[in-house]
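Here is the structure we will look at, set down as structure tokens.
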Amino acid sequence: MEMFIMSFTVFVLAIFVGFEIITKIPPTLHTPLMSGSNAISGITLVGAVVSTGTELWITTVLGFLSVVLASINVVGGFMVTNRMLAMFRKKS
Amino acid sequence: MYDIIINFSYLIASVLFIFGLKGLTHPRTAVRGNFLGACGMFLAVVVTLTDKHIVSYEYIILGIIIGSAIGAALAIKIEMTSMPELVALLNGFGGAASIFVAGAALIEGGSLTNSPVLQLTIATAASGLIGAVTFWGSLVAFGKLQGIISENAVVFSGQQIINALLAVVVLGLSVGVVLHPEVFSLYWVLVGVASILGVLLVIPIGGADMPVVVALLNSYSGLAAAATGFVLSNNVLIITGSLVGASGIILTHIMCKAMNRSLTNVLFGVMAAGGDGGPTADEVYGGKVKSASPEEVALLFDAARRVVIVPGYGMAVSQAQHPVASLASLLESRGATVEYAIHPVAGRMPGHMNVLMAEADVPYESLKDMDEINQTFDQVDVALVIGANDVVNPLARTDPSSPIAGMPIIDVDKAKTVVIIKRSLSPGFAGIPNPLFSLDNSLMLFGDGKKMVLDIITALKES
């Protein structure tokens, strides 16, 4: 239970941090914000990597699938966000 | 000691993600912010690779290589007009990844984490549920954006009842997973039923509401990651998931406000009340619409000191961004001020139009938000509306019975002259006529957006 309360505290506080920062992001950058948040939500990769590396074949399969999916999010998300942001920087 | 190093690295990664998002508060700092986020991710993954539960690396490496290659290909190839499709797809992948990670954790039975059993099982059920709804909902959204699935709201009788029943079944199965985590098949049945629910939740939503849905699914994908964080008692997942969840919720709210729709109306595919009582197209347009030639419009621009361009998605469809940007530079070189008025739902996702204009080398300082530019329209000589319709319809202000009543619009009708480039007088998503087209100070330029803008440029250069 203590563990859960700790995690839940982190969860709630992080939501507040999110609200504080994201309300300050101008509409011009809302699309890069979405693709960028796709990229960071690929953090599931961290869990996926551990599942893949374990001994059970079934968790290896599940882990492998999620490593592929999360890697698409991470690499695709950061790269496409960078591509968009570079267009905003070009002229200024 | 080992745990301390891992958790400390996760903390640094979380801080880097937060700084990364903070960088996005200004276009100047945004590229660096994105880089900081990528550094955070790199750190988190590298540290995780040292986890003592990992006995072999070949499938991890293979998975990362395959995923990275697909991700890189998508990121390089994607057209800016298709950005909503890509984001929808990535939302879905995020959801699916959560389903599999939580499923694997359930099978390992907590040997991978030190989560209490009850937290593990509840969070696993939540991951599977949210993940499946996100994945299938996103696939349907992707299909609708691509035109594979009908863009119109697919509504059938009893839809609400079926969804309610499915929701009850999903909740029941979730309780089952919590009570009997050892029966793995229950989890996969839960994922299956939640998948059907995901499809049915998005299928009734119409094309005009896609920006809301994509933003909402973005939020769900974050919540799925956070739920997986609870499964693994992993703070970096919880923090990141909450940040993404909060971001999606804020964007959803902004989109709903920009369309003056409540989230429930969007989700249940309900158009706003009214609609039948409004004037017909003949009553609005009958003999009052004036059409102009590109040469006449060029003369107007020649004399204009202050010009505002209102781009809509129709402009992007006819690939007119670059000609529009050239027209703006030409006018600026002749001493006029040119600004762009961007409605929040001008594109097909939040901020989409800004990206499309940035791609055409329009500096971001010239892209003005609706609220900012609306105060200045009485000083505008020419407002050029290209490919936009409902977002400049004055009925939103004047007719309380209209389906778009109360929707914030760009007040182009207050400019001295309004030029509207459009193929015909056909209505926009809202399906209603637009009195703007028949105002005394309005001129219609009928034709393809790109061709008309190029014709205006030619005429301007000749004059």
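Identifiers in this document derive from the order of the structure tokens: chains are assigned A, B, ..., residues are numbered from 1 separately in each chain, and ligands are numbered from 1 in order of occurrence.
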
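Close contacts of range 9-20 of chain A, defined as residues with an atom at most 8 Å away when counting only C-alpha atoms, with chain neighbours fewer than 6 positions off set aside, comprise B:Ala226, B:Asn235, B:Ile238, B:Ile239, B:Thr240, B:Ser242, B:Leu243, B:Val244, B:Gly245, B:Ala246, B:Ser247, B:Ile250.
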
Residues at most 7 Å from Ala258 in chain B, counting only C-alpha atoms, excluding those fewer than 3 positions away in the same chain, as a PDB file with C-alpha atoms, in the first residue's frame?
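As written to disk, around-v7.pdb reads:
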```pdb
ATOM      1  CA  ILE B 254      -8.742  23.713 -26.666  1.00  0.00           C
ATOM      2  CA  MET B 255     -10.149  21.939 -29.736  1.00  0.00           C
ATOM      3  CA  PRO B 344      -7.417  26.575 -33.959  1.00  0.00           C
ATOM      4  CA  VAL B 345      -9.248  23.992 -36.085  1.00  0.00           C
ATOM      5  CA  MET B 407     -18.312  28.859 -32.323  1.00  0.00           C
ATOM      6  CA  PRO B 408     -15.434  31.333 -32.249  1.00  0.00           C
TER       7      PRO B 408
END
```

As a PyMOL selection string, please: the residues near range 80-88 of chain A (cut-off 6 Å, only C-alpha atoms, same-chain neighbours under 5 positions excluded).
(chain A and resi 32+35-36) or (chain B and resi 31+75+358-359)

Can you pull out the residues contacting Val49 in chain A? Cut-off 12 Å, using only C-alpha atoms, and skip same-chain residues under 4 positions away; I want them as number ranges by chain.
A: 42-45, 53-54, 59-71; B: 44-64, 97, 100-101, 104-105, 112

Fewer than 3 positions away in the same chain doesn't count, so skip those; otherwise give me all residues within 7 Å of range 204-218 of chain B, counting only C-alpha atoms, as a PyMOL selection string.
chain B and resi 88+91+134+138+151-155+201+221-222+248-249+251-252+255-256+266-269+348-350+429

Mind checking which residues fall within 8 Å of Thr121 in chain B, counting only C-alpha atoms, ignoring those fewer than 5 positions away in the same chain, and posting them as a list in words?
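Near neighbours after the sequence-gap exclusion: Leu106, Val177, Val178, Pro181 and Val231 of chain B.
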
Hey, can you spit out that residue selection with N, CA and C atoms as a PDB file, in the first residue's frame?
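Now in selection03.pdb:
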```pdb
ATOM      1  N   LEU B 106       2.093  -9.542 -16.146  1.00  0.00           N
ATOM      2  CA  LEU B 106       1.109 -10.389 -15.476  1.00  0.00           C
ATOM      3  C   LEU B 106       1.602 -11.839 -15.457  1.00  0.00           C
ATOM      4  N   VAL B 177      -9.833 -10.003 -13.828  1.00  0.00           N
ATOM      5  CA  VAL B 177      -8.368 -10.006 -13.902  1.00  0.00           C
ATOM      6  C   VAL B 177      -7.769  -9.715 -12.523  1.00  0.00           C
ATOM      7  N   VAL B 178      -8.395  -8.781 -11.802  1.00  0.00           N
ATOM      8  CA  VAL B 178      -7.878  -8.407 -10.486  1.00  0.00           C
ATOM      9  C   VAL B 178      -8.013  -9.575  -9.495  1.00  0.00           C
ATOM     10  N   PRO B 181      -5.674 -13.153 -11.194  1.00  0.00           N
ATOM     11  CA  PRO B 181      -4.580 -12.803 -12.098  1.00  0.00           C
ATOM     12  C   PRO B 181      -3.888 -14.036 -12.674  1.00  0.00           C
ATOM     13  N   VAL B 231       1.991  -0.795 -13.128  1.00  0.00           N
ATOM     14  CA  VAL B 231       2.226  -2.244 -13.180  1.00  0.00           C
ATOM     15  C   VAL B 231       3.647  -2.539 -12.734  1.00  0.00           C
TER      16      VAL B 231
END
```
